[in-house]
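Quick look at input04.cif (mmCIF, C-alpha atoms (C1' of nucleotides)):
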```cif
data_upload
loop_
_atom_site.label_atom_id
_atom_site.label_comp_id
_atom_site.auth_asym_id
_atom_site.auth_seq_id
_atom_site.Cartn_x
_atom_site.Cartn_y
_atom_site.Cartn_z
CA MET M 429 1.18 -5.04 12.34
CA LEU M 430 -0.16 -8.31 13.76
CA SER M 431 -0.47 -11.65 11.97
CA LYS M 432 -3.94 -12.99 11.14
CA THR M 433 -3.25 -15.68 13.74
CA CYS M 434 -2.75 -13.02 16.35
CA GLU M 435 -5.73 -10.90 15.30
CA TYR M 436 -8.04 -13.91 15.47
CA GLY M 437 -6.43 -15.03 18.72
CA LEU M 438 -7.03 -11.71 20.44
CA ARG M 439 -10.59 -11.48 19.19
CA ALA M 440 -11.29 -15.05 20.28
CA MET M 441 -9.87 -14.53 23.76
CA ILE M 442 -11.88 -11.35 24.27
CA PHE M 443 -14.96 -13.19 22.99
CA ILE M 444 -14.38 -16.08 25.39
CA ALA M 445 -14.02 -13.64 28.28
CA GLN M 446 -17.35 -12.15 27.29
CA HIS M 447 -19.26 -15.39 26.76
CA ALA M 448 -17.84 -17.99 29.13
CA ARG M 449 -18.95 -16.53 32.44
CA ASP M 450 -20.20 -18.13 35.67
CA GLY M 451 -18.68 -21.53 34.99
CA LYS M 452 -20.13 -21.75 31.48
CA ARG M 453 -18.06 -22.63 28.43
CA ILE M 454 -18.24 -21.50 24.86
CA GLY M 455 -17.80 -23.81 21.86
CA ILE M 456 -15.43 -23.34 18.97
CA ARG M 457 -18.27 -23.04 16.46
CA GLU M 458 -19.83 -20.14 18.32
CA ILE M 459 -16.47 -18.48 18.76
CA ALA M 460 -15.75 -18.70 15.03
CA VAL M 461 -19.14 -17.23 14.18
CA GLY M 462 -18.84 -14.61 16.90
CA ILE M 463 -15.55 -13.21 15.68
CA ASP M 464 -15.83 -13.92 11.94
CA SER M 465 -12.96 -16.34 11.67
CA PRO M 466 -12.42 -19.71 9.94
CA GLU M 467 -13.52 -22.36 12.42
CA HIS M 468 -10.62 -24.78 12.08
CA PHE M 469 -8.09 -21.99 12.03
CA ILE M 470 -9.22 -20.44 15.28
CA ALA M 471 -9.40 -23.95 16.75
CA LYS M 472 -5.71 -24.43 16.09
CA ILE M 473 -4.87 -21.05 17.54
CA LEU M 474 -6.79 -21.80 20.73
CA GLN M 475 -5.11 -25.19 21.00
CA GLU M 476 -1.79 -23.40 20.98
CA LEU M 477 -2.93 -20.94 23.64
CA GLY M 478 -4.32 -23.90 25.60
CA ARG M 479 -0.97 -25.69 25.56
CA LYS M 480 0.58 -22.56 26.99
CA GLY M 481 -1.99 -22.47 29.76
CA ILE M 482 -3.46 -19.16 28.64
CA VAL M 483 -6.93 -20.52 27.91
CA GLN M 484 -8.76 -23.47 29.46
CA SER M 485 -10.95 -26.04 27.75
CA ILE M 486 -13.01 -29.14 28.44
CA LYS M 487 -13.99 -31.81 25.93
CA GLY M 488 -17.34 -33.49 25.44
CA PRO M 489 -20.93 -32.37 25.87
CA ASN M 490 -21.19 -28.99 27.58
CA GLY M 491 -17.50 -28.66 26.97
CA GLY M 492 -15.81 -25.70 25.38
CA PHE M 493 -13.40 -22.91 26.18
CA TYR M 494 -13.25 -20.70 29.23
CA LEU M 495 -10.83 -18.56 31.21
CA ASP M 496 -9.64 -18.88 34.77
CA GLU M 497 -9.14 -15.72 36.78
CA LYS M 498 -5.54 -15.44 35.61
CA GLY M 499 -6.66 -15.71 32.01
CA ARG M 500 -9.22 -12.99 32.41
CA GLN M 501 -6.54 -10.68 33.84
CA CYS M 502 -4.07 -11.62 31.17
CA SER M 503 -2.84 -8.71 29.04
CA LEU M 504 -3.19 -8.45 25.28
CA ALA M 505 0.60 -8.35 25.19
CA THR M 506 0.73 -11.88 26.59
CA ILE M 507 -1.40 -13.16 23.72
CA VAL M 508 0.63 -11.27 21.13
CA ARG M 509 3.87 -12.67 22.54
CA ALA M 510 2.44 -16.19 22.64
CA LEU M 511 1.34 -16.08 19.00
CA ASP M 512 3.66 -13.65 17.20
CA GLY M 513 6.74 -13.67 19.42
CA ASP M 514 8.29 -10.42 20.54
CA GLU M 515 9.36 -9.03 17.20
CA LEU M 516 6.72 -6.30 17.55
CA PHE M 517 8.12 -5.27 20.94
CA ASN M 518 11.81 -5.44 20.09
CA GLY M 519 12.35 -5.60 16.34
CA CYS M 520 14.11 -2.96 14.23
CA GLY M 521 11.85 -0.86 12.02
CA LEU M 522 14.10 -1.44 9.00
CA GLY M 523 14.75 -5.10 9.76
CA LEU M 524 18.38 -4.86 10.84
CA PRO M 525 19.37 -7.91 12.88
CA HIS M 526 21.57 -6.07 15.38
CA CYS M 527 20.02 -2.61 15.47
CA SER M 528 20.66 -1.03 18.84
CA HIS M 529 21.49 2.20 20.61
CA LEU M 530 25.16 1.57 19.77
CA HIS M 531 24.52 0.49 16.17
CA PRO M 532 21.34 2.33 15.22
CA CYS M 533 19.42 2.31 11.96
CA PRO M 534 18.20 5.68 10.68
CA ILE M 535 14.89 5.44 12.50
CA HIS M 536 16.05 3.57 15.58
CA GLY M 537 15.10 6.24 18.11
CA GLU M 538 11.73 7.05 16.61
CA PHE M 539 10.71 3.44 16.30
CA LYS M 540 11.81 2.65 19.80
CA LYS M 541 9.37 5.24 21.09
CA ILE M 542 6.56 3.84 19.00
CA ARG M 543 7.31 0.25 19.99
CA GLU M 544 7.27 1.29 23.61
CA GLU M 545 3.89 2.89 23.24
CA ILE M 546 2.55 -0.20 21.53
CA GLY M 547 4.01 -2.26 24.35
CA THR M 548 2.57 -0.06 27.06
CA MET M 549 -0.81 -0.15 25.43
CA LEU M 550 -0.84 -3.93 24.99
CA GLU M 551 0.54 -4.58 28.47
CA GLY M 552 -2.08 -2.30 29.96
CA ALA M 553 -5.14 -3.80 28.33
CA ARG M 554 -6.68 -6.93 29.91
CA ILE M 555 -8.55 -9.63 28.01
CA GLY M 556 -11.49 -9.32 30.38
CA GLU M 557 -11.90 -5.57 30.41
CA PHE M 558 -14.12 -5.22 27.35
CA THR M 559 -16.91 -7.54 28.41
CA GLU M 560 -19.42 -4.90 29.50
CA LYS M 561 -19.04 -2.68 26.49
CA LEU M 562 -19.33 -5.67 24.19
CA ASP M 563 -22.51 -6.66 26.04
CA GLU M 564 -24.02 -3.21 25.66
CA GLY M 565 -23.06 -3.02 21.99
CA SER M 566 -20.60 -0.16 22.07
CA LEU M 567 -17.69 -2.38 21.03
CA PHE M 568 -17.53 -5.07 18.34
CA LEU M 569 -15.53 -8.20 17.51
CA LYS M 570 -16.83 -8.77 14.01
CA ARG M 571 -17.77 -6.78 10.96
CA LYS M 572 -21.04 -5.01 10.73
CA LYS M 573 -23.40 -7.51 9.09
CA MET N 1241 5.34 -4.09 11.21
CA LEU N 1242 6.75 -3.66 7.70
CA SER N 1243 7.21 -6.36 5.05
CA LYS N 1244 10.73 -7.43 4.08
CA THR N 1245 10.06 -5.79 0.73
CA CYS N 1246 9.42 -2.51 2.47
CA GLU N 1247 12.35 -2.80 4.88
CA TYR N 1248 14.74 -3.48 2.01
CA GLY N 1249 13.11 -0.76 -0.06
CA LEU N 1250 13.58 1.89 2.61
CA ARG N 1251 17.15 0.86 3.28
CA ALA N 1252 17.94 0.88 -0.44
CA MET N 1253 16.43 4.31 -1.00
CA ILE N 1254 18.33 5.79 1.92
CA PHE N 1255 21.48 4.11 0.61
CA ILE N 1256 20.94 5.53 -2.87
CA ALA N 1257 20.44 9.00 -1.41
CA GLN N 1258 23.74 8.60 0.40
CA HIS N 1259 25.77 7.20 -2.50
CA ALA N 1260 24.37 8.65 -5.71
CA ARG N 1261 25.36 12.27 -5.29
CA ASP N 1262 26.57 14.94 -7.74
CA GLY N 1263 25.18 13.23 -10.80
CA LYS N 1264 26.72 9.87 -9.94
CA ARG N 1265 24.75 6.63 -9.95
CA ILE N 1266 24.97 3.55 -7.80
CA GLY N 1267 24.67 0.00 -9.11
CA ILE N 1268 22.34 -2.69 -7.89
CA ARG N 1269 25.23 -4.93 -6.79
CA GLU N 1270 26.66 -2.24 -4.53
CA ILE N 1271 23.24 -1.43 -3.15
CA ALA N 1272 22.61 -5.08 -2.27
CA VAL N 1273 25.97 -5.36 -0.54
CA GLY N 1274 25.54 -2.00 1.17
CA ILE N 1275 22.22 -2.84 2.77
CA ASP N 1276 22.60 -6.62 3.21
CA SER N 1277 19.81 -7.67 0.91
CA PRO N 1278 19.42 -10.33 -1.81
CA GLU N 1279 20.54 -8.70 -5.04
CA HIS N 1280 17.71 -9.84 -7.31
CA PHE N 1281 15.12 -9.13 -4.69
CA ILE N 1282 16.12 -5.52 -4.15
CA ALA N 1283 16.38 -5.16 -7.94
CA LYS N 1284 12.72 -6.05 -8.29
CA ILE N 1285 11.74 -3.70 -5.50
CA LEU N 1286 13.62 -0.80 -7.11
CA GLN N 1287 12.05 -1.60 -10.49
CA GLU N 1288 8.67 -1.18 -8.85
CA LEU N 1289 9.67 2.11 -7.26
CA GLY N 1290 11.12 3.14 -10.62
CA ARG N 1291 7.83 2.48 -12.39
CA LYS N 1292 6.15 4.74 -9.87
CA GLY N 1293 8.68 7.46 -10.54
CA ILE N 1294 10.07 7.42 -7.02
CA VAL N 1295 13.58 6.42 -8.02
CA GLN N 1296 15.46 7.05 -11.26
CA SER N 1297 17.77 4.74 -13.16
CA ILE N 1298 19.91 4.55 -16.27
CA LYS N 1299 21.03 1.39 -18.05
CA GLY N 1300 24.43 0.55 -19.43
CA PRO N 1301 27.99 1.39 -18.41
CA ASN N 1302 28.12 4.02 -15.67
CA GLY N 1303 24.41 3.43 -15.27
CA GLY N 1304 22.65 2.72 -12.02
CA PHE N 1305 20.15 4.25 -9.65
CA TYR N 1306 19.87 7.81 -8.43
CA LEU N 1307 17.34 10.26 -7.05
CA ASP N 1308 16.09 13.52 -8.44
CA GLU N 1309 15.47 16.37 -6.03
CA LYS N 1310 11.86 15.24 -5.49
CA GLY N 1311 13.08 11.74 -4.65
CA ARG N 1312 15.56 13.00 -2.11
CA GLN N 1313 12.79 14.99 -0.40
CA CYS N 1314 10.38 12.07 -0.54
CA SER N 1315 9.11 10.87 2.83
CA LEU N 1316 9.54 7.37 4.21
CA ALA N 1317 5.75 7.20 4.23
CA THR N 1318 5.69 7.49 0.45
CA ILE N 1319 7.92 4.44 0.14
CA VAL N 1320 5.89 2.46 2.64
CA ARG N 1321 2.67 3.30 0.83
CA ALA N 1322 4.20 2.41 -2.53
CA LEU N 1323 5.37 -1.01 -1.32
CA ASP N 1324 3.01 -2.07 1.48
CA GLY N 1325 -0.10 -0.04 0.73
CA ASP N 1326 -1.78 1.95 3.47
CA GLU N 1327 -2.82 -0.87 5.78
CA LEU N 1328 -0.26 0.36 8.32
CA PHE N 1329 -1.76 3.84 8.28
CA ASN N 1330 -5.43 2.88 8.30
CA GLY N 1331 -5.87 -0.77 9.25
CA CYS N 1332 -7.66 -2.06 12.34
CA GLY N 1333 -5.43 -3.49 15.05
CA LEU N 1334 -7.60 -6.59 15.34
CA GLY N 1335 -8.15 -6.97 11.61
CA LEU N 1336 -11.82 -5.98 11.45
CA PRO N 1337 -12.75 -4.96 7.92
CA HIS N 1338 -15.05 -2.09 8.89
CA CYS N 1339 -13.61 -0.95 12.19
CA SER N 1340 -14.37 2.72 12.69
CA HIS N 1341 -15.33 5.34 15.23
CA LEU N 1342 -18.97 4.25 14.81
CA HIS N 1343 -18.21 0.50 14.85
CA PRO N 1344 -15.07 0.25 16.96
CA CYS N 1345 -13.08 -2.82 17.93
CA PRO N 1346 -11.93 -3.01 21.56
CA ILE N 1347 -8.66 -1.25 20.87
CA HIS N 1348 -9.82 1.11 18.15
CA GLY N 1349 -9.01 4.35 19.96
CA GLU N 1350 -5.64 3.24 21.26
CA PHE N 1351 -4.51 1.92 17.91
CA LYS N 1352 -5.67 4.99 16.10
CA LYS N 1353 -3.34 7.06 18.26
CA ILE N 1354 -0.44 4.72 17.59
CA ARG N 1355 -1.10 4.60 13.85
CA GLU N 1356 -1.18 8.36 13.78
CA GLU N 1357 2.19 8.56 15.49
CA ILE N 1358 3.65 6.07 13.06
CA GLY N 1359 2.17 8.11 10.23
CA THR N 1360 3.51 11.39 11.57
CA MET N 1361 6.93 9.91 12.04
CA LEU N 1362 7.07 8.37 8.55
CA GLU N 1363 5.63 11.46 6.87
CA GLY N 1364 8.15 13.62 8.67
CA ALA N 1365 11.30 11.70 7.77
CA ARG N 1366 12.88 12.33 4.35
CA ILE N 1367 14.87 9.77 2.38
CA GLY N 1368 17.76 12.20 2.05
CA GLU N 1369 18.05 13.37 5.62
CA PHE N 1370 20.31 10.60 6.90
CA THR N 1371 23.15 11.01 4.44
CA GLU N 1372 25.54 12.90 6.69
CA LYS N 1373 25.17 10.68 9.70
CA LEU N 1374 25.61 7.61 7.53
CA ASP N 1375 28.77 9.18 6.11
CA GLU N 1376 30.17 9.89 9.54
CA GLY N 1377 29.29 6.41 10.80
CA SER N 1378 26.76 7.25 13.46
CA LEU N 1379 23.94 5.52 11.58
CA PHE N 1380 23.92 2.14 9.80
CA LEU N 1381 22.02 0.38 7.01
CA LYS N 1382 23.42 -3.08 7.53
CA ARG N 1383 24.36 -5.38 10.35
CA LYS N 1384 27.59 -5.00 12.20
CA LYS N 1385 30.03 -7.27 10.32
"C1'" DA E 828 29.46 -1.96 -35.79
"C1'" DA E 829 30.80 -4.95 -31.91
"C1'" DA E 830 31.56 -5.86 -27.23
"C1'" DA E 831 30.69 -4.80 -22.62
"C1'" DT E 832 27.84 -3.08 -19.08
"C1'" DA E 833 23.81 -2.64 -16.30
"C1'" DA E 834 18.93 -2.31 -15.50
"C1'" DA E 835 14.13 -4.28 -16.92
"C1'" DA E 836 11.30 -7.95 -17.37
"C1'" DG E 837 9.63 -12.35 -16.77
"C1'" DA E 838 9.74 -17.15 -15.24
"C1'" DT E 839 10.58 -20.16 -11.59
"C1'" DA E 840 11.45 -21.87 -6.84
"C1'" DA E 841 11.41 -22.00 -1.82
"C1'" DA E 842 9.54 -20.77 2.52
"C1'" DA E 843 6.08 -19.06 5.47
"C1'" DA E 844 1.42 -17.95 6.58
"C1'" DA E 845 -3.28 -18.92 6.23
"C1'" DG E 846 -6.79 -22.06 5.82
"C1'" DT E 847 -9.12 -26.86 5.48
"C1'" DC E 848 -10.09 -31.64 6.33
"C1'" DT E 849 -9.84 -36.12 8.81
"C1'" DT E 850 -8.91 -38.91 12.69
"C1'" DT E 851 -8.30 -39.43 17.63
"C1'" DT E 852 -9.21 -38.63 22.44
"C1'" DA E 853 -11.88 -37.23 26.39
"C1'" DT E 854 -16.30 -36.43 28.51
"C1'" DT E 855 -21.17 -36.68 29.22
"C1'" DA E 856 -25.77 -38.33 28.81
"C1'" DT E 857 -28.68 -42.17 27.82
"C1'" DA R 884 -21.80 -50.05 27.92
"C1'" DT R 885 -23.20 -47.09 23.98
"C1'" DA R 886 -23.95 -43.10 21.50
"C1'" DA R 887 -23.31 -38.36 21.11
"C1'" DT R 888 -20.62 -34.33 21.76
"C1'" DA R 889 -16.72 -31.41 21.46
"C1'" DA R 890 -11.85 -30.37 21.69
"C1'" DA R 891 -6.95 -32.15 20.33
"C1'" DA R 892 -3.99 -33.57 17.04
"C1'" DG R 893 -2.15 -34.22 12.71
"C1'" DA R 894 -2.10 -34.25 7.69
"C1'" DC R 895 -2.87 -31.67 3.87
"C1'" DT R 896 -3.87 -27.62 0.59
"C1'" DT R 897 -3.79 -22.94 -0.88
"C1'" DT R 898 -2.13 -18.41 -0.96
"C1'" DT R 899 1.22 -14.98 -0.13
"C1'" DT R 900 5.75 -13.55 0.60
"C1'" DT R 901 10.42 -13.94 -0.17
"C1'" DA R 902 14.05 -15.16 -3.08
"C1'" DT R 903 16.49 -16.74 -7.35
"C1'" DC R 904 17.57 -17.43 -12.15
"C1'" DT R 905 17.38 -16.36 -17.14
"C1'" DT R 906 16.48 -13.52 -21.00
"C1'" DT R 907 15.79 -9.01 -23.00
"C1'" DT R 908 16.53 -4.14 -23.68
"C1'" DA R 909 19.05 0.13 -23.41
"C1'" DT R 910 23.40 2.54 -23.22
"C1'" DT R 911 28.24 3.30 -23.55
"C1'" DT R 912 32.87 2.44 -24.89
"C1'" DT R 913 36.10 0.64 -28.06
#
```
Just give me the structure of the file as structure tokens.
Amino acid sequence: MLSKTCEYGLRAMIFIAQHARDGKRIGIREIAVGIDSPEHFIAKILQELGRKGIVQSIKGPNGGFYLDEKGRQCSLATIVRALDGDELFNGCGLGLPHCSHLHPCPIHGEFKKIREEIGTMLEGARIGEFTEKLDEGSLFLKRKK
Amino acid sequence: MLSKTCEYGLRAMIFIAQHARDGKRIGIREIAVGIDSPEHFIAKILQELGRKGIVQSIKGPNGGFYLDEKGRQCSLATIVRALDGDELFNGCGLGLPHCSHLHPCPIHGEFKKIREEIGTMLEGARIGEFTEKLDEGSLFLKRKK
DNA sequence: AAAATAAAAGATAAAAAAGTCTTTTATTAT
DNA sequence: ATAATAAAAGACTTTTTTATCTTTTATTTT
């Protein structure tokens, strides 16, 4: 459904929202450990999101990643689009290049509905909305150890 | 959402259901042209489905691919499972290995619903059910040329 | 039986995705 | 100023997916 890049990216962003609060920042090492991802890989992903202005960072001692208010309100859909493009939101279920209402594949209508629900769900969820439940341990960003 | 392998596989199976009727068979060349796929690639995919007994074939002159009654009634979900496994039906949206009701990722509940709808839709659709509409030109298996 | 046909099988190649390693740049603390 | 810290950038490797090419096997027609 989502690429590894995107899965890690979403987990990392949610993790940053949880851990970089009150002007604090969170380092790449801790992020990688906190979401069970390869350190250098998630670094590259966050660089990309940084370039797009979706996550903030500061170098040097006490540096790390954090989110501005906009970033905390940012939807999961924004991250998915930034990392995977909008194939998931618009693509044809059978891979036809020009599948449309006027030139539909056999499952065009059904898939449209599903894509819309995925879209609605991802547009509706905010990066910052899971912080409390993660704190209290009713949600998780890594495998059970 | 689906791999290229799976997209081509579904299109090919639906195409075979449409074209190999009344004891006739359809050749790999025509299938490839009919669904806009690389010939040798779709050949390999159909070999795999053949090994699993999902599609039938005969070698030699007048040979080709066809479906028995079971194959024509086979659901799209069966093809997806045969080619892509059941990640799509069971996997975690954020890629957590042990995501579950008891150890949920932030979007566990939402994604479960969506996966179930995808499952229902793919289980409900039969390979052979699109034949008429393909014949009459209200559905398509390849790009507008 | 021989030639032609068409899928099966297997080897190889190209492209994309995932992952790793090294060097550079910016910032802070001493 | 210097050393230490941490992200940015870029090069590189591995794995997986996608795609292609060649040889073999089965079947049919002549």
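Any residue of chain N with an atom within 8 Å of chain E counts; using all atoms listed in the file, that gives N:Gly1267, N:Gln1287, N:Ser1297, N:Ile1298, N:Lys1299, N:Gly1300, N:Pro1301, N:Asn1302, N:Gly1303, N:Gly1304.
The two atoms in question, CA of Leu495 (chain M) and CA of Ala445 (chain M), are spaced 6.6 Å apart.
The gap separating CA of Cys434 (chain M) from CA of Gly1325 (chain N) is 20.5 Å, in Å to one decimal.
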With the file shown as input, list the residues that the PyMOL selection byres ((chain N) within 10 of (chain M)) selects, as a ChimeraX atom specification. /N:1241-1244,1246-1251,1254,1275-1276,1327-1328,1331-1339,1341-1348,1350-1351,1353-1355,1357-1358,1361-1362,1365,1367,1369-1371,1373-1374,1377-1385
For the selection you just gave me, I'd like the residues written to a file as a PDB file, keeping the file's coordinate frame, keeping C-alpha atoms.
```
ATOM      1  CA  MET N1241       5.340  -4.090  11.210  1.00  0.00           C
ATOM      2  CA  LEU N1242       6.750  -3.660   7.700  1.00  0.00           C
ATOM      3  CA  SER N1243       7.210  -6.360   5.050  1.00  0.00           C
ATOM      4  CA  LYS N1244      10.730  -7.430   4.080  1.00  0.00           C
ATOM      5  CA  CYS N1246       9.420  -2.510   2.470  1.00  0.00           C
ATOM      6  CA  GLU N1247      12.350  -2.800   4.880  1.00  0.00           C
ATOM      7  CA  TYR N1248      14.740  -3.480   2.010  1.00  0.00           C
ATOM      8  CA  GLY N1249      13.110  -0.760  -0.060  1.00  0.00           C
ATOM      9  CA  LEU N1250      13.580   1.890   2.610  1.00  0.00           C
ATOM     10  CA  ARG N1251      17.150   0.860   3.280  1.00  0.00           C
ATOM     11  CA  ILE N1254      18.330   5.790   1.920  1.00  0.00           C
ATOM     12  CA  ILE N1275      22.220  -2.840   2.770  1.00  0.00           C
ATOM     13  CA  ASP N1276      22.600  -6.620   3.210  1.00  0.00           C
ATOM     14  CA  GLU N1327      -2.820  -0.870   5.780  1.00  0.00           C
ATOM     15  CA  LEU N1328      -0.260   0.360   8.320  1.00  0.00           C
ATOM     16  CA  GLY N1331      -5.870  -0.770   9.250  1.00  0.00           C
ATOM     17  CA  CYS N1332      -7.660  -2.060  12.340  1.00  0.00           C
ATOM     18  CA  GLY N1333      -5.430  -3.490  15.050  1.00  0.00           C
ATOM     19  CA  LEU N1334      -7.600  -6.590  15.340  1.00  0.00           C
ATOM     20  CA  GLY N1335      -8.150  -6.970  11.610  1.00  0.00           C
ATOM     21  CA  LEU N1336     -11.820  -5.980  11.450  1.00  0.00           C
ATOM     22  CA  PRO N1337     -12.750  -4.960   7.920  1.00  0.00           C
ATOM     23  CA  HIS N1338     -15.050  -2.090   8.890  1.00  0.00           C
ATOM     24  CA  CYS N1339     -13.610  -0.950  12.190  1.00  0.00           C
ATOM     25  CA  HIS N1341     -15.330   5.340  15.230  1.00  0.00           C
ATOM     26  CA  LEU N1342     -18.970   4.250  14.810  1.00  0.00           C
ATOM     27  CA  HIS N1343     -18.210   0.500  14.850  1.00  0.00           C
ATOM     28  CA  PRO N1344     -15.070   0.250  16.960  1.00  0.00           C
ATOM     29  CA  CYS N1345     -13.080  -2.820  17.930  1.00  0.00           C
ATOM     30  CA  PRO N1346     -11.930  -3.010  21.560  1.00  0.00           C
ATOM     31  CA  ILE N1347      -8.660  -1.250  20.870  1.00  0.00           C
ATOM     32  CA  HIS N1348      -9.820   1.110  18.150  1.00  0.00           C
ATOM     33  CA  GLU N1350      -5.640   3.240  21.260  1.00  0.00           C
ATOM     34  CA  PHE N1351      -4.510   1.920  17.910  1.00  0.00           C
ATOM     35  CA  LYS N1353      -3.340   7.060  18.260  1.00  0.00           C
ATOM     36  CA  ILE N1354      -0.440   4.720  17.590  1.00  0.00           C
ATOM     37  CA  ARG N1355      -1.100   4.600  13.850  1.00  0.00           C
ATOM     38  CA  GLU N1357       2.190   8.560  15.490  1.00  0.00           C
ATOM     39  CA  ILE N1358       3.650   6.070  13.060  1.00  0.00           C
ATOM     40  CA  MET N1361       6.930   9.910  12.040  1.00  0.00           C
ATOM     41  CA  LEU N1362       7.070   8.370   8.550  1.00  0.00           C
ATOM     42  CA  ALA N1365      11.300  11.700   7.770  1.00  0.00           C
ATOM     43  CA  ILE N1367      14.870   9.770   2.380  1.00  0.00           C
ATOM     44  CA  GLU N1369      18.050  13.370   5.620  1.00  0.00           C
ATOM     45  CA  PHE N1370      20.310  10.600   6.900  1.00  0.00           C
ATOM     46  CA  THR N1371      23.150  11.010   4.440  1.00  0.00           C
ATOM     47  CA  LYS N1373      25.170  10.680   9.700  1.00  0.00           C
ATOM     48  CA  LEU N1374      25.610   7.610   7.530  1.00  0.00           C
ATOM     49  CA  GLY N1377      29.290   6.410  10.800  1.00  0.00           C
ATOM     50  CA  SER N1378      26.760   7.250  13.460  1.00  0.00           C
ATOM     51  CA  LEU N1379      23.940   5.520  11.580  1.00  0.00           C
ATOM     52  CA  PHE N1380      23.920   2.140   9.800  1.00  0.00           C
ATOM     53  CA  LEU N1381      22.020   0.380   7.010  1.00  0.00           C
ATOM     54  CA  LYS N1382      23.420  -3.080   7.530  1.00  0.00           C
ATOM     55  CA  ARG N1383      24.360  -5.380  10.350  1.00  0.00           C
ATOM     56  CA  LYS N1384      27.590  -5.000  12.200  1.00  0.00           C
ATOM     57  CA  LYS N1385      30.030  -7.270  10.320  1.00  0.00           C
TER      58      LYS N1385
END
```
Straight-line distance linking CA of Asp496 (chain M) with CA of Gln484 (chain M), stated in Å to one decimal: 7.1 Å
Chain N contacts on chain R, all atoms listed in the file, 12 Å, as a ChimeraX atom specification: /R:899-905,908-912
Residues from last step as file, C-alpha atoms (C1' of nucleotides), as a PDB file, in the coordinates of the input:
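Listed below is the output, again_10.pdb:
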```
ATOM      1  C1'  DT R 899       1.220 -14.980  -0.130  1.00  0.00           C
ATOM      2  C1'  DT R 900       5.750 -13.550   0.600  1.00  0.00           C
ATOM      3  C1'  DT R 901      10.420 -13.940  -0.170  1.00  0.00           C
ATOM      4  C1'  DA R 902      14.050 -15.160  -3.080  1.00  0.00           C
ATOM      5  C1'  DT R 903      16.490 -16.740  -7.350  1.00  0.00           C
ATOM      6  C1'  DC R 904      17.570 -17.430 -12.150  1.00  0.00           C
ATOM      7  C1'  DT R 905      17.380 -16.360 -17.140  1.00  0.00           C
ATOM      8  C1'  DT R 908      16.530  -4.140 -23.680  1.00  0.00           C
ATOM      9  C1'  DA R 909      19.050   0.130 -23.410  1.00  0.00           C
ATOM     10  C1'  DT R 910      23.400   2.540 -23.220  1.00  0.00           C
ATOM     11  C1'  DT R 911      28.240   3.300 -23.550  1.00  0.00           C
ATOM     12  C1'  DT R 912      32.870   2.440 -24.890  1.00  0.00           C
TER      13       DT R 912
END
```
Kindly add N, CA and C atoms to the incomplete region 454-466 of chain M and provide the output as a PDB file, in the frame of the given file.
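After the write, result.pdb holds the following:
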```pdb
ATOM      1  N   ILE M 454     -17.769 -21.902  26.180  1.00  0.00           N
ATOM      2  CA  ILE M 454     -18.240 -21.500  24.860  1.00  0.00           C
ATOM      3  C   ILE M 454     -17.555 -22.354  23.805  1.00  0.00           C
ATOM      4  N   GLY M 455     -18.336 -22.877  22.857  1.00  0.00           N
ATOM      5  CA  GLY M 455     -17.800 -23.810  21.860  1.00  0.00           C
ATOM      6  C   GLY M 455     -17.099 -23.106  20.718  1.00  0.00           C
ATOM      7  N   ILE M 456     -16.255 -23.885  20.039  1.00  0.00           N
ATOM      8  CA  ILE M 456     -15.430 -23.340  18.970  1.00  0.00           C
ATOM      9  C   ILE M 456     -16.281 -22.804  17.823  1.00  0.00           C
ATOM     10  N   ARG M 457     -17.376 -23.486  17.535  1.00  0.00           N
ATOM     11  CA  ARG M 457     -18.270 -23.040  16.460  1.00  0.00           C
ATOM     12  C   ARG M 457     -18.783 -21.623  16.731  1.00  0.00           C
ATOM     13  N   GLU M 458     -19.285 -21.455  17.963  1.00  0.00           N
ATOM     14  CA  GLU M 458     -19.830 -20.140  18.320  1.00  0.00           C
ATOM     15  C   GLU M 458     -18.749 -19.067  18.327  1.00  0.00           C
ATOM     16  N   ILE M 459     -17.567 -19.444  18.772  1.00  0.00           N
ATOM     17  CA  ILE M 459     -16.470 -18.480  18.760  1.00  0.00           C
ATOM     18  C   ILE M 459     -16.186 -18.033  17.320  1.00  0.00           C
ATOM     19  N   ALA M 460     -16.065 -19.016  16.431  1.00  0.00           N
ATOM     20  CA  ALA M 460     -15.750 -18.700  15.030  1.00  0.00           C
ATOM     21  C   ALA M 460     -16.802 -17.777  14.425  1.00  0.00           C
ATOM     22  N   VAL M 461     -18.068 -18.085  14.693  1.00  0.00           N
ATOM     23  CA  VAL M 461     -19.140 -17.230  14.180  1.00  0.00           C
ATOM     24  C   VAL M 461     -19.085 -15.849  14.837  1.00  0.00           C
ATOM     25  N   GLY M 462     -18.814 -15.854  16.139  1.00  0.00           N
ATOM     26  CA  GLY M 462     -18.840 -14.610  16.900  1.00  0.00           C
ATOM     27  C   GLY M 462     -17.741 -13.626  16.558  1.00  0.00           C
ATOM     28  N   ILE M 463     -16.642 -14.122  16.020  1.00  0.00           N
ATOM     29  CA  ILE M 463     -15.550 -13.210  15.680  1.00  0.00           C
ATOM     30  C   ILE M 463     -15.222 -13.227  14.195  1.00  0.00           C
ATOM     31  N   ASP M 464     -16.079 -13.885  13.392  1.00  0.00           N
ATOM     32  CA  ASP M 464     -15.830 -13.920  11.940  1.00  0.00           C
ATOM     33  C   ASP M 464     -14.475 -14.504  11.598  1.00  0.00           C
ATOM     34  N   SER M 465     -14.220 -15.717  12.035  1.00  0.00           N
ATOM     35  CA  SER M 465     -12.960 -16.340  11.670  1.00  0.00           C
ATOM     36  C   SER M 465     -13.212 -17.759  11.165  1.00  0.00           C
ATOM     37  N   PRO M 466     -12.267 -18.317  10.381  1.00  0.00           N
ATOM     38  CA  PRO M 466     -12.420 -19.710   9.940  1.00  0.00           C
ATOM     39  C   PRO M 466     -12.387 -20.628  11.155  1.00  0.00           C
TER      40      PRO M 466
END
```
